[in-house]
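Engineer: One file is attached below, entry-v8.txt, containing compact mmCIF, C-alpha atoms and all ligand atoms.
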# COMPACT_ATOMS: atom_id res chain seq x y z
CA MET A 3 0.00 0.00 0.00
CA ARG A 4 1.09 3.53 -0.68
CA LEU A 5 -0.43 6.86 0.32
CA ARG A 6 -0.85 8.86 -2.88
CA LYS A 7 -2.57 12.03 -1.74
CA ILE A 8 -4.08 13.74 1.28
CA THR A 9 -6.90 16.28 1.16
CA LEU A 10 -7.29 18.36 4.30
CA ARG A 11 -10.51 20.25 4.94
CA GLU A 12 -11.60 22.46 7.77
CA ILE A 13 -15.36 22.44 8.14
CA HIS A 14 -17.42 24.59 10.48
CA LEU A 15 -20.29 22.86 12.18
CA PRO A 16 -22.45 24.61 14.80
CA LEU A 17 -23.46 22.49 17.81
CA ILE A 18 -27.22 22.45 18.40
CA ALA A 19 -26.53 23.60 21.98
CA PRO A 20 -23.43 25.05 23.68
CA PHE A 21 -21.29 22.41 25.45
CA GLU A 22 -19.65 23.63 28.66
CA THR A 23 -16.73 21.92 30.38
CA SER A 24 -14.43 23.09 33.18
CA PHE A 25 -12.13 24.60 30.51
CA GLY A 26 -14.67 26.50 28.42
CA VAL A 27 -17.77 26.59 26.24
CA SER A 28 -17.93 25.16 22.74
CA GLU A 29 -20.61 26.43 20.34
CA LEU A 30 -19.11 26.06 16.89
CA ARG A 31 -16.88 23.14 16.05
CA ARG A 32 -14.02 23.71 13.65
CA ILE A 33 -13.31 20.19 12.45
CA LEU A 34 -10.30 18.98 10.48
CA LEU A 35 -11.28 16.20 8.09
CA VAL A 36 -8.59 14.06 6.49
CA GLU A 37 -9.25 12.36 3.17
CA THR A 38 -6.59 9.91 2.06
CA ASP A 39 -6.06 8.36 -1.34
CA VAL A 40 -4.43 4.98 -0.83
CA ASP A 41 -3.75 3.41 -4.24
CA GLY A 42 -6.92 5.04 -5.57
CA VAL A 43 -9.14 4.00 -2.65
CA ILE A 44 -10.43 6.89 -0.55
CA GLY A 45 -10.47 6.75 3.24
CA TRP A 46 -11.81 9.33 5.69
CA GLY A 47 -10.58 10.38 9.10
CA GLU A 48 -11.17 13.22 11.56
CA SER A 49 -8.59 14.88 13.73
CA THR A 50 -10.08 15.54 17.15
CA ALA A 51 -7.90 18.61 17.72
CA GLY A 52 -9.93 21.42 19.26
CA GLU A 53 -10.37 25.06 18.36
CA ASP A 54 -8.17 26.06 21.30
CA PRO A 55 -5.31 24.30 23.14
CA TYR A 56 -7.34 23.77 26.33
CA TYR A 57 -8.13 20.05 26.39
CA SER A 58 -4.66 19.31 25.00
CA TYR A 59 -1.96 21.39 23.33
CA GLU A 60 -3.14 20.52 19.83
CA THR A 61 -5.44 22.69 17.74
CA VAL A 62 -6.84 22.52 14.21
CA GLU A 63 -3.97 24.78 13.14
CA THR A 64 -1.21 22.65 14.64
CA ALA A 65 -2.71 19.41 13.34
CA TRP A 66 -2.93 20.83 9.82
CA LEU A 67 0.67 21.97 9.90
CA ILE A 68 1.98 18.72 11.39
CA ILE A 69 0.15 16.56 8.85
CA ARG A 70 1.28 18.64 5.88
CA ASP A 71 4.86 19.44 6.88
CA TYR A 72 5.88 16.45 8.99
CA LEU A 73 3.60 13.39 8.65
CA TRP A 74 3.08 13.45 4.89
CA PRO A 75 6.86 13.52 4.22
CA LEU A 76 7.26 10.42 6.42
CA LEU A 77 4.78 8.46 4.30
CA ARG A 78 5.33 9.95 0.85
CA GLY A 79 6.48 7.32 -1.65
CA LYS A 80 6.81 4.63 1.03
CA ASP A 81 5.29 1.17 0.74
CA PHE A 82 3.59 -0.38 3.74
CA ALA A 83 1.83 -3.70 4.14
CA ALA A 84 -1.09 -2.48 6.20
CA ALA A 85 -2.55 0.55 7.99
CA ALA A 86 -1.33 -1.15 11.17
CA ASP A 87 2.24 -0.24 10.13
CA VAL A 88 1.62 3.50 9.79
CA TRP A 89 1.83 4.41 13.49
CA GLU A 90 5.43 3.21 13.67
CA MET A 91 6.34 5.15 10.51
CA LEU A 92 5.22 8.36 12.19
CA ALA A 93 7.26 7.79 15.36
CA LEU A 94 9.85 10.44 14.49
CA VAL A 95 7.26 13.09 15.30
CA ARG A 96 6.87 13.41 19.06
CA GLY A 97 3.31 13.70 20.29
CA HIS A 98 0.78 15.47 18.05
CA ASN A 99 -1.41 12.42 18.39
CA MET A 100 -4.56 14.11 17.12
CA ALA A 101 -2.78 14.98 13.89
CA LYS A 102 -1.48 11.40 13.61
CA GLY A 103 -4.81 9.90 14.63
CA GLY A 104 -6.84 11.69 11.96
CA LEU A 105 -4.43 10.63 9.22
CA GLU A 106 -3.88 7.09 10.46
CA ALA A 107 -7.61 6.44 10.88
CA ALA A 108 -8.26 7.57 7.29
CA ILE A 109 -5.70 5.02 6.06
CA TRP A 110 -7.43 2.28 8.08
CA ASP A 111 -10.73 3.21 6.42
CA ALA A 112 -9.08 3.01 3.01
CA GLU A 113 -7.57 -0.41 3.75
CA ALA A 114 -10.92 -1.77 4.97
CA LYS A 115 -12.61 -0.43 1.83
CA GLN A 116 -9.90 -1.88 -0.37
CA LYS A 117 -10.44 -5.29 1.30
CA ASN A 118 -14.20 -4.81 1.26
CA VAL A 119 -14.59 -5.49 4.99
CA PRO A 120 -16.04 -3.41 7.82
CA LEU A 121 -13.36 -1.43 9.66
CA ALA A 122 -14.52 -3.01 12.93
CA LYS A 123 -13.64 -6.45 11.57
CA LEU A 124 -10.28 -5.31 10.20
CA LEU A 125 -9.42 -3.97 13.66
CA GLY A 126 -10.30 -7.33 15.21
CA GLY A 127 -13.55 -6.14 16.77
CA THR A 128 -15.82 -8.83 18.16
CA LEU A 129 -18.95 -6.95 19.26
CA ASP A 130 -21.73 -6.29 16.75
CA GLU A 131 -23.57 -3.95 19.06
CA ILE A 132 -21.95 -1.38 21.33
CA ILE A 133 -23.28 0.22 24.51
CA CYS A 134 -23.78 3.96 24.72
CA GLY A 135 -23.78 6.69 27.32
CA VAL A 136 -24.00 10.47 27.12
CA SER A 137 -21.77 13.29 28.27
CA ILE A 138 -23.73 16.29 29.51
CA GLY A 139 -22.08 19.69 29.71
CA ILE A 140 -22.30 21.97 32.74
CA GLN A 141 -25.87 23.29 32.93
CA PRO A 142 -27.09 26.73 34.00
CA SER A 143 -29.27 25.25 36.77
CA ILE A 144 -29.97 21.98 38.54
CA ASP A 145 -33.48 21.94 37.08
CA ALA A 146 -32.05 22.22 33.58
CA LEU A 147 -29.70 19.34 34.37
CA LEU A 148 -32.45 17.10 35.77
CA GLY A 149 -34.59 17.74 32.72
CA LYS A 150 -31.78 16.93 30.37
CA VAL A 151 -30.88 13.71 32.15
CA GLU A 152 -34.51 12.64 32.15
CA ARG A 153 -34.68 13.04 28.36
CA GLU A 154 -31.45 11.13 27.77
CA LEU A 155 -32.62 8.25 29.97
CA ALA A 156 -35.94 8.18 28.11
CA ALA A 157 -33.94 7.93 24.87
CA GLY A 158 -32.38 4.74 26.26
CA TYR A 159 -28.81 5.78 27.12
CA GLN A 160 -27.23 3.37 29.60
CA ARG A 161 -24.99 5.77 31.50
CA ILE A 162 -25.01 9.46 32.37
CA LYS A 163 -21.83 11.49 32.67
CA ILE A 164 -21.96 15.08 33.83
CA LYS A 165 -19.22 17.65 33.57
CA ILE A 166 -18.22 19.22 36.87
CA LYS A 167 -16.00 22.07 38.05
CA PRO A 168 -15.39 23.69 41.45
CA GLY A 169 -18.67 25.16 42.68
CA LYS A 170 -20.70 23.01 40.30
CA ASP A 171 -19.93 19.54 41.54
CA ILE A 172 -21.42 18.21 44.79
CA GLU A 173 -24.87 19.78 44.49
CA PRO A 174 -25.68 18.76 40.91
CA THR A 175 -24.42 15.24 41.64
CA ARG A 176 -26.48 15.00 44.82
CA ALA A 177 -29.60 16.23 43.05
CA LEU A 178 -29.18 13.71 40.26
CA ARG A 179 -28.56 10.84 42.65
CA GLU A 180 -31.64 11.70 44.70
CA ARG A 181 -33.82 11.88 41.63
CA PHE A 182 -32.34 8.82 39.88
CA PRO A 183 -31.11 6.47 42.63
CA ARG A 184 -30.28 3.52 40.37
CA ILE A 185 -28.74 4.92 37.18
CA ARG A 186 -25.11 4.45 36.15
CA LEU A 187 -23.77 7.91 36.94
CA MET A 188 -20.29 9.45 36.64
CA VAL A 189 -18.59 12.85 36.64
CA ASP A 190 -15.82 14.33 34.47
CA ALA A 191 -13.77 17.24 35.85
CA ASN A 192 -11.37 17.73 32.93
CA SER A 193 -8.48 18.48 35.30
CA ALA A 194 -10.27 21.19 37.29
CA TYR A 195 -8.92 20.16 40.73
CA THR A 196 -5.68 19.64 42.60
CA LEU A 197 -4.69 17.29 45.39
CA LYS A 198 -5.62 20.05 47.87
CA ASP A 199 -9.23 19.29 46.90
CA ALA A 200 -8.96 15.62 47.93
CA ALA A 201 -11.33 15.96 50.91
CA HIS A 202 -13.83 17.82 48.76
CA LEU A 203 -13.68 15.20 46.01
CA LYS A 204 -14.09 12.50 48.65
CA GLU A 205 -17.59 13.88 49.31
CA LEU A 206 -18.54 12.47 45.91
CA ASP A 207 -17.99 8.96 47.29
CA ALA A 208 -21.45 9.31 48.88
CA PHE A 209 -23.15 9.10 45.48
CA TYR A 210 -21.75 5.70 44.44
CA LEU A 211 -20.57 6.95 41.06
CA ILE A 212 -19.30 4.34 38.64
CA MET A 213 -16.22 6.52 38.23
CA MET A 214 -14.71 10.00 38.49
CA GLU A 215 -12.96 11.04 35.27
CA GLN A 216 -9.72 13.03 35.21
CA PRO A 217 -10.07 15.15 38.36
CA LEU A 218 -6.42 16.31 38.48
CA GLY A 219 -3.73 17.74 36.17
CA TRP A 220 -3.89 16.83 32.50
CA ASP A 221 -0.40 15.29 32.57
CA ASP A 222 -0.15 14.35 36.24
CA ILE A 223 -0.44 10.60 36.64
CA TYR A 224 1.34 10.49 40.00
CA SER A 225 -1.12 12.72 41.86
CA HIS A 226 -4.02 10.60 40.64
CA ALA A 227 -2.43 7.60 42.37
CA GLU A 228 -2.32 9.58 45.61
CA LEU A 229 -5.95 10.59 45.16
CA GLN A 230 -7.12 7.10 44.21
CA ARG A 231 -5.76 5.76 47.51
CA GLN A 232 -8.10 8.17 49.32
CA LEU A 233 -11.24 7.52 47.27
CA ASP A 234 -13.66 4.62 47.07
CA THR A 235 -14.88 5.87 43.69
CA PRO A 236 -12.79 4.47 40.83
CA ILE A 237 -10.76 7.07 38.97
CA CYS A 238 -10.88 6.95 35.18
CA LEU A 239 -8.08 8.70 33.33
CA ASP A 240 -8.68 10.57 30.08
CA GLU A 241 -6.25 13.47 29.41
CA CYS A 242 -3.29 11.76 31.13
CA ILE A 243 -3.18 8.72 28.86
CA HIS A 244 -1.38 9.74 25.65
CA ASP A 245 0.19 6.41 24.85
CA TYR A 246 0.88 2.82 25.86
CA GLU A 247 3.64 3.77 28.30
CA HIS A 248 1.41 6.25 30.13
CA ALA A 249 -1.32 3.62 30.36
CA ARG A 250 1.16 1.11 31.77
CA ALA A 251 2.51 3.59 34.30
CA ALA A 252 -0.96 4.64 35.42
CA ILE A 253 -2.08 1.05 35.90
CA GLU A 254 1.11 -0.05 37.68
CA ILE A 255 1.07 2.80 40.22
CA GLY A 256 -2.67 2.59 40.81
CA ALA A 257 -3.56 5.98 39.36
CA CYS A 258 -6.82 4.68 37.89
CA ARG A 259 -9.07 1.64 37.75
CA ILE A 260 -10.63 2.48 34.39
CA ILE A 261 -9.28 4.08 31.21
CA ASN A 262 -11.11 6.18 28.63
CA ILE A 263 -9.60 5.56 25.19
CA LYS A 264 -9.84 8.33 22.63
CA LEU A 265 -8.57 7.65 19.15
CA GLY A 266 -7.20 11.15 18.71
CA ARG A 267 -5.57 11.43 22.12
CA VAL A 268 -3.54 8.26 21.58
CA GLY A 269 -2.79 8.72 17.87
CA GLY A 270 -5.08 6.35 15.99
CA HIS A 271 -6.34 2.80 15.83
CA THR A 272 -3.06 0.96 16.20
CA ALA A 273 -2.10 2.82 19.37
CA ALA A 274 -5.64 2.57 20.72
CA ARG A 275 -5.69 -1.17 20.17
CA ARG A 276 -2.38 -1.66 21.96
CA ILE A 277 -3.67 0.25 24.99
CA HIS A 278 -6.90 -1.72 24.83
CA ASP A 279 -4.97 -5.00 24.82
CA LEU A 280 -2.80 -3.92 27.74
CA CYS A 281 -5.86 -2.90 29.78
CA LYS A 282 -7.54 -6.19 28.95
CA ALA A 283 -4.52 -8.14 30.18
CA LYS A 284 -4.40 -6.05 33.38
CA GLY A 285 -8.12 -6.29 34.14
CA ILE A 286 -8.75 -2.59 33.53
CA PRO A 287 -12.05 -1.98 31.70
CA VAL A 288 -12.06 0.67 28.97
CA TRP A 289 -14.65 2.77 27.21
CA CYS A 290 -14.61 5.03 24.19
CA GLY A 291 -14.38 8.76 24.87
CA GLY A 292 -15.79 11.44 22.58
CA MET A 293 -14.59 14.83 21.37
CA LEU A 294 -17.81 16.27 19.90
CA GLU A 295 -16.95 14.58 16.62
CA SER A 296 -18.77 14.81 13.35
CA GLY A 297 -20.09 11.59 11.87
CA ILE A 298 -16.68 10.67 10.46
CA GLY A 299 -14.95 10.62 13.84
CA ARG A 300 -18.03 9.08 15.41
CA ALA A 301 -17.95 6.21 12.89
CA HIS A 302 -14.30 5.50 13.79
CA ASN A 303 -15.24 5.51 17.48
CA ILE A 304 -17.94 2.94 16.83
CA ALA A 305 -15.52 0.65 14.99
CA MET A 306 -12.95 0.93 17.80
CA SER A 307 -15.62 0.21 20.44
CA THR A 308 -16.16 -3.29 19.04
CA LEU A 309 -12.91 -4.52 20.63
CA PRO A 310 -13.77 -6.92 23.46
CA ASN A 311 -12.56 -4.90 26.47
CA PHE A 312 -14.89 -1.97 25.69
CA THR A 313 -17.17 -3.24 28.42
CA LEU A 314 -18.41 0.10 29.76
CA PRO A 315 -20.79 2.44 27.87
CA GLY A 316 -18.85 5.04 25.87
CA ASP A 317 -19.44 8.69 25.03
CA VAL A 318 -20.63 7.54 21.63
CA SER A 319 -24.08 8.92 21.07
CA ALA A 320 -26.46 9.80 18.26
CA SER A 321 -25.60 12.45 15.63
CA LYS A 322 -28.76 14.38 16.45
CA ARG A 323 -27.55 15.15 19.98
CA TYR A 324 -24.90 17.40 18.43
CA TRP A 325 -25.86 18.38 14.89
CA ALA A 326 -28.96 19.60 13.12
CA GLU A 327 -27.65 17.57 10.21
CA ASP A 328 -24.58 15.33 10.24
CA ILE A 329 -22.08 14.95 7.37
CA ILE A 330 -22.58 11.19 6.93
CA GLU A 331 -25.34 8.98 5.69
CA PRO A 332 -27.10 7.37 7.44
CA GLU A 333 -26.70 9.39 10.64
CA VAL A 334 -25.56 7.64 13.82
CA GLU A 335 -28.58 6.46 15.79
CA VAL A 336 -29.07 4.79 19.12
CA THR A 337 -31.63 2.10 19.95
CA GLN A 338 -34.19 2.40 22.74
CA GLN A 339 -31.88 0.05 24.71
CA GLY A 340 -29.00 2.52 24.53
CA THR A 341 -27.03 0.49 22.03
CA MET A 342 -25.75 1.00 18.50
CA ARG A 343 -25.58 -1.62 15.84
CA VAL A 344 -22.22 -1.68 14.15
CA PRO A 345 -22.49 -1.05 10.39
CA THR A 346 -21.72 -3.99 8.14
CA GLY A 347 -20.62 -2.10 5.02
CA PRO A 348 -16.95 -1.74 4.04
CA GLY A 349 -14.71 0.70 5.94
CA ILE A 350 -16.36 3.00 8.46
CA GLY A 351 -19.69 1.91 6.99
CA TYR A 352 -21.21 5.40 6.78
CA ALA A 353 -20.99 7.43 3.58
CA PRO A 354 -19.54 10.95 3.78
CA ARG A 355 -22.01 13.41 2.22
CA ILE A 356 -19.58 15.09 -0.12
CA ASP A 357 -21.89 17.93 -1.19
CA ARG A 358 -22.63 18.84 2.40
CA ILE A 359 -18.96 18.59 3.36
CA GLU A 360 -18.01 20.87 0.46
CA SER A 361 -20.60 23.45 1.46
CA LEU A 362 -19.30 23.48 5.06
CA THR A 363 -15.65 23.70 4.00
CA ARG A 364 -13.81 26.91 4.92
CA ARG A 365 -10.36 25.81 3.88
CA ARG A 366 -9.02 22.99 1.75
CA GLU A 367 -5.54 21.84 0.80
CA VAL A 368 -4.47 18.98 -1.42
CA ILE A 369 -1.09 17.50 -0.55
CA GLU A 370 0.61 15.26 -3.09
O1 LIG A 401 -13.32 15.08 28.48
O2 LIG A 401 -14.48 13.63 27.50
C1 LIG A 401 -14.07 14.79 27.56
C2 LIG A 401 -15.74 16.95 24.90
C3 LIG A 401 -14.69 17.76 24.54
C4 LIG A 401 -13.49 17.63 25.18
C5 LIG A 401 -13.33 16.67 26.18
C6 LIG A 401 -14.37 15.84 26.53
C7 LIG A 401 -15.60 16.00 25.89
C8 LIG A 401 -16.79 15.23 26.23
C9 LIG A 401 -17.83 15.10 25.17
O3 LIG A 401 -17.01 14.75 27.32
C10 LIG A 401 -17.99 13.71 24.71
C11 LIG A 401 -18.85 13.63 23.49
O4 LIG A 401 -18.33 13.75 22.36
O5 LIG A 401 -20.05 13.45 23.64
MG MG A 402 -13.01 13.42 29.71
Please express the file's structure as structure tokens.
Ligand code: OSB
Ligand code: MG

Structural biologist:
Amino acid sequence: MRLRKITLREIHLPLIAPFETSFGVSELRRILLVETDVDGVIGWGESTAGEDPYYSYETVETAWLIIRDYLWPLLRGKDFAAAADVWEMLALVRGHNMAKGGLEAAIWDAEAKQKNVPLAKLLGGTLDEIICGVSIGIQPSIDALLGKVERELAAGYQRIKIKIKPGKDIEPTRALRERFPRIRLMVDANSAYTLKDAAHLKELDAFYLIMMEQPLGWDDIYSHAELQRQLDTPICLDECIHDYEHARAAIEIGACRIINIKLGRVGGHTAARRIHDLCKAKGIPVWCGGMLESGIGRAHNIAMSTLPNFTLPGDVSASKRYWAEDIIEPEVEVTQQGTMRVPTGPGIGYAPRIDRIESLTRRREVIE
């Protein structure tokens, strides 16, 4: 296989409602789509880099530059046997996993299409239905939050995650737990606390959460181990886990009992699968995180979630929770049981709507 051409596009897609986390509010997604031509077969990927360097240091701008000026030259004119070999070929570039992940995922889609198999199968996925949860941004009031959770539960979602930050943590969680005593509930702080808040975070133990996601520093594995020793609630790491070695360190020192795998954060399917396999061997359950992706990134998340250790509901939810109209066909839908059926067509199994993508495109560059 040889990569012949890359087309980068930045599309602008307004969220149907603002999404607030401890690091800011997102209303309009700027999304970097990566189209790869692999021996004439087209594959699609999405870089999950954000508009601003707040979740991680990457942005749409940095990912674009890294793909064009550093990743493309590493692949140009080179033969490889499979998409699984691409991650290693990009190793010269340190970090920039969201840039790598968007490109690498597109090559996986192309290989699956070339072989006429679903991407999930090519990855070694074994599940034909995946389980889904929702991530709910910080709400203006507790009533607004309760109403929102009620609607998501009625839609069938199996797990509710709420975003928290100092001052908007204990009370919303308490209110939800009182109203819905039996649901699978969790919180995600996106690194809004420090170890000085340990006693405060310990108050959340009273609400028997299935986990607390990334309470401390985005790159601080060690402090999470100190915190985990003080909490009954399992810690799940998100931001901290950039690669296999971080996952191994976190597990070995007891910094978490669960890991959220995001394709972009770890640099694509090959890296994600390695982390998945490590967690499986160590008895650490994983689930698929989300980054407010368009249908392209969402489709890759679904394929990844078919690996056998994705035993907890992921932040993989229906297109219509985010977009008035998605950029793929059909849109991603969830069943009344809070599951998704994995598509059986070749590659990601959802067709990019080229006309719609073109009309949303603000910037385009062909690299060959
Ligand atoms: O921490 O999981 C996160 C969105 C943007 C940045 C970080 C996170 C999130 C979410 C949304 O929680 C998940 C989704 O796509 O639904
Ligand atoms: Mg998170």

Engineer: Taking into account all atoms listed in the file, which residue in the set A:Glu60, A:Asp54, A:Asp199, A:Glu335 is nearest to Phe25 in chain A?

Structural biologist: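 Ranked by minimum distance to Phe25 in chain A, first place goes to A:Asp54.
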
Engineer: Quick one: of A:Asp81, A:Glu295, A:Asp111, A:Glu154, who's nearest to ligand LIG 401 (chain A), counting all atoms listed in the file?

Structural biologist: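 Comparing A:Asp81, A:Glu295, A:Asp111, A:Glu154 against ligand LIG 401 (chain A), the winner is A:Glu295.
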
Engineer: Counting all atoms listed in the file, what are the residues, protein, DNA or RNA alike, that approach ligand MG 402 (chain A) to within 12 Å? I want them as a VMD selection string.

Structural biologist: chain A and resid 23 to 25 57 to 58 136 to 139 163 to 166 188 to 194 213 to 218 220 237 to 243 261 to 264 267 289 to 294 316 to 317

Engineer: Give me the box for ligand LIG 401 (chain A) as JSON, namely the centre and edge lengths in Å to one decimal of a box along x, y and z that holds every listed atom plus 3 Å on each side.

Structural biologist:
{"center_x": -16.7, "center_y": 15.6, "center_z": 25.4, "size_x": 12.7, "size_y": 10.3, "size_z": 12.1}

Engineer: Quick check, in Å to one decimal: how far apart do CA of Lys7 in chain A and CA of Ala51 in chain A lie?

Structural biologist: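 Distance reported for this atom pair: 21.2 Å.
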
Engineer: Might you pull out every residue within 6 Å of Ile260 in chain A, with all atoms listed in the file counted and same-chain residues fewer than 2 positions away left off, and present them as a PDB file with C-alpha atoms, in the frame of the given file?

Structural biologist:
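Contents of selection_0.pdb, as written:
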ATOM      1  CA  CYS A 238     -10.880   6.950  35.180  1.00  0.00           C
ATOM      2  CA  CYS A 258      -6.820   4.680  37.890  1.00  0.00           C
ATOM      3  CA  ILE A 286      -8.750  -2.590  33.530  1.00  0.00           C
ATOM      4  CA  PRO A 287     -12.050  -1.980  31.700  1.00  0.00           C
ATOM      5  CA  VAL A 288     -12.060   0.670  28.970  1.00  0.00           C
TER       6      VAL A 288
END

Engineer: Could you check the closest approach to Gln141 in chain A for each of A:Glu333, A:Asp87, A:Glu22, A:Glu205 and tell me which residue wins, using only C-alpha atoms?

Structural biologist: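 Closest to Gln141 in chain A of all the choices is A:Glu22.
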
Engineer: Kindly extract all protein, DNA and RNA residues lying within 9 Å of the coordinates (-4.8, -3.2, 31.6) given in the file, considering all atoms listed in the file, and supply them as an MDAnalysis selection string.

Structural biologist: chainID A and resid 249:250 253 259:261 277:288

Engineer: Generate a file of the selected residues that holds C-alpha atoms, formatted as a compact mmCIF listing (two decimals), in the coordinates of the input.

Structural biologist:
# COMPACT_ATOMS: atom_id res chain seq x y z
CA ALA A 249 -1.32 3.62 30.36
CA ARG A 250 1.16 1.11 31.77
CA ILE A 253 -2.08 1.05 35.90
CA ARG A 259 -9.07 1.64 37.75
CA ILE A 260 -10.63 2.48 34.39
CA ILE A 261 -9.28 4.08 31.21
CA ILE A 277 -3.67 0.25 24.99
CA HIS A 278 -6.90 -1.72 24.83
CA ASP A 279 -4.97 -5.00 24.82
CA LEU A 280 -2.80 -3.92 27.74
CA CYS A 281 -5.86 -2.90 29.78
CA LYS A 282 -7.54 -6.19 28.95
CA ALA A 283 -4.52 -8.14 30.18
CA LYS A 284 -4.40 -6.05 33.38
CA GLY A 285 -8.12 -6.29 34.14
CA ILE A 286 -8.75 -2.59 33.53
CA PRO A 287 -12.05 -1.98 31.70
CA VAL A 288 -12.06 0.67 28.97

Engineer: Please determine, counting all atoms listed in the file, which residue among A:Ile350, A:Ala251, A:Ile8, A:Ile132 has the shortest atom-to-atom distance to Arg70 in chain A.

Structural biologist: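 Among the listed residues, the smallest separation from Arg70 in chain A belongs to A:Ile8.
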
Engineer: Residues near Val36 in chain A, anyone? I mean within 8 Å using only C-alpha atoms, not counting same-chain ones fewer than 2 positions away, as JSON, numbers by chain.

Structural biologist: {"A": [8, 9, 10, 11, 34, 38, 46, 47, 48, 49, 104, 105, 108]}

Engineer: Between CA of His244 in chain A and CA of Leu92 in chain A, what is the distance in Å, rounded to a tenth?

Structural biologist: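 The value is 15.1 Å.
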
Engineer: So, with all atoms listed in the file as the atoms that count, which of A:Tyr224, A:Thr308, A:Met91, A:Gly297 lies closest to ligand LIG 401 (chain A)?

Structural biologist: A:Gly297

Engineer: Rank A:Glu360, A:Asp328, A:Glu370, A:Glu106 by their smallest atom-to-atom distance to Leu17 in chain A, using only C-alpha atoms, and report the top residue only.

Structural biologist: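 So, comparing all the options, the nearest one is A:Asp328.
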
Engineer: As an exercise, work out the distance from CA of Ile162 in chain A to CA of Leu129 in chain A in Å and give it to one decimal place.

Structural biologist: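 If I compute the distance from CA of Ile162 in chain A to CA of Leu129 in chain A, I get 21.9 Å.
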
Engineer: Scan for residues within 6 Å of the point (-23.9, 5.9, 22.2) in the coordinates of the file, using only C-alpha atoms, and reply as an MDAnalysis selection string.

Structural biologist: chainID A and resid 134:135 317:319

Engineer: Please fill the gaps in range 243-255 of chain A so it has N, CA and C atoms, and write that as an mmCIF file, in the frame of the given file.

Structural biologist:
data_model
loop_
_atom_site.group_PDB
_atom_site.id
_atom_site.type_symbol
_atom_site.label_atom_id
_atom_site.label_comp_id
_atom_site.auth_asym_id
_atom_site.auth_seq_id
_atom_site.Cartn_x
_atom_site.Cartn_y
_atom_site.Cartn_z
ATOM 1 N N ILE A 243 -3.637 9.924 29.572
ATOM 2 C CA ILE A 243 -3.180 8.720 28.860
ATOM 3 C C ILE A 243 -2.937 9.026 27.387
ATOM 4 N N HIS A 244 -1.704 9.389 27.046
ATOM 5 C CA HIS A 244 -1.380 9.740 25.650
ATOM 6 C C HIS A 244 -0.868 8.544 24.874
ATOM 7 N N ASP A 245 -0.406 7.531 25.568
ATOM 8 C CA ASP A 245 0.190 6.410 24.850
ATOM 9 C C ASP A 245 0.246 5.172 25.750
ATOM 10 N N TYR A 246 0.772 4.111 25.185
ATOM 11 C CA TYR A 246 0.880 2.820 25.860
ATOM 12 C C TYR A 246 1.671 2.948 27.159
ATOM 13 N N GLU A 247 2.774 3.674 27.127
ATOM 14 C CA GLU A 247 3.640 3.770 28.300
ATOM 15 C C GLU A 247 2.931 4.519 29.443
ATOM 16 N N HIS A 248 2.171 5.550 29.102
ATOM 17 C CA HIS A 248 1.410 6.250 30.130
ATOM 18 C C HIS A 248 0.349 5.326 30.733
ATOM 19 N N ALA A 249 -0.282 4.538 29.868
ATOM 20 C CA ALA A 249 -1.320 3.620 30.360
ATOM 21 C C ALA A 249 -0.676 2.611 31.319
ATOM 22 N N ARG A 250 0.469 2.099 30.931
ATOM 23 C CA ARG A 250 1.160 1.110 31.770
ATOM 24 C C ARG A 250 1.559 1.727 33.113
ATOM 25 N N ALA A 251 2.113 2.920 33.062
ATOM 26 C CA ALA A 251 2.510 3.590 34.300
ATOM 27 C C ALA A 251 1.307 3.825 35.203
ATOM 28 N N ALA A 252 0.235 4.319 34.623
ATOM 29 C CA ALA A 252 -0.960 4.640 35.420
ATOM 30 C C ALA A 252 -1.515 3.388 36.092
ATOM 31 N N ILE A 253 -1.542 2.296 35.342
ATOM 32 C CA ILE A 253 -2.080 1.050 35.900
ATOM 33 C C ILE A 253 -1.149 0.532 37.003
ATOM 34 N N GLU A 254 0.155 0.529 36.720
ATOM 35 C CA GLU A 254 1.110 -0.050 37.680
ATOM 36 C C GLU A 254 1.154 0.735 38.995
ATOM 37 N N ILE A 255 1.005 2.049 38.951
ATOM 38 C CA ILE A 255 1.070 2.800 40.220
ATOM 39 C C ILE A 255 -0.307 3.020 40.843
#
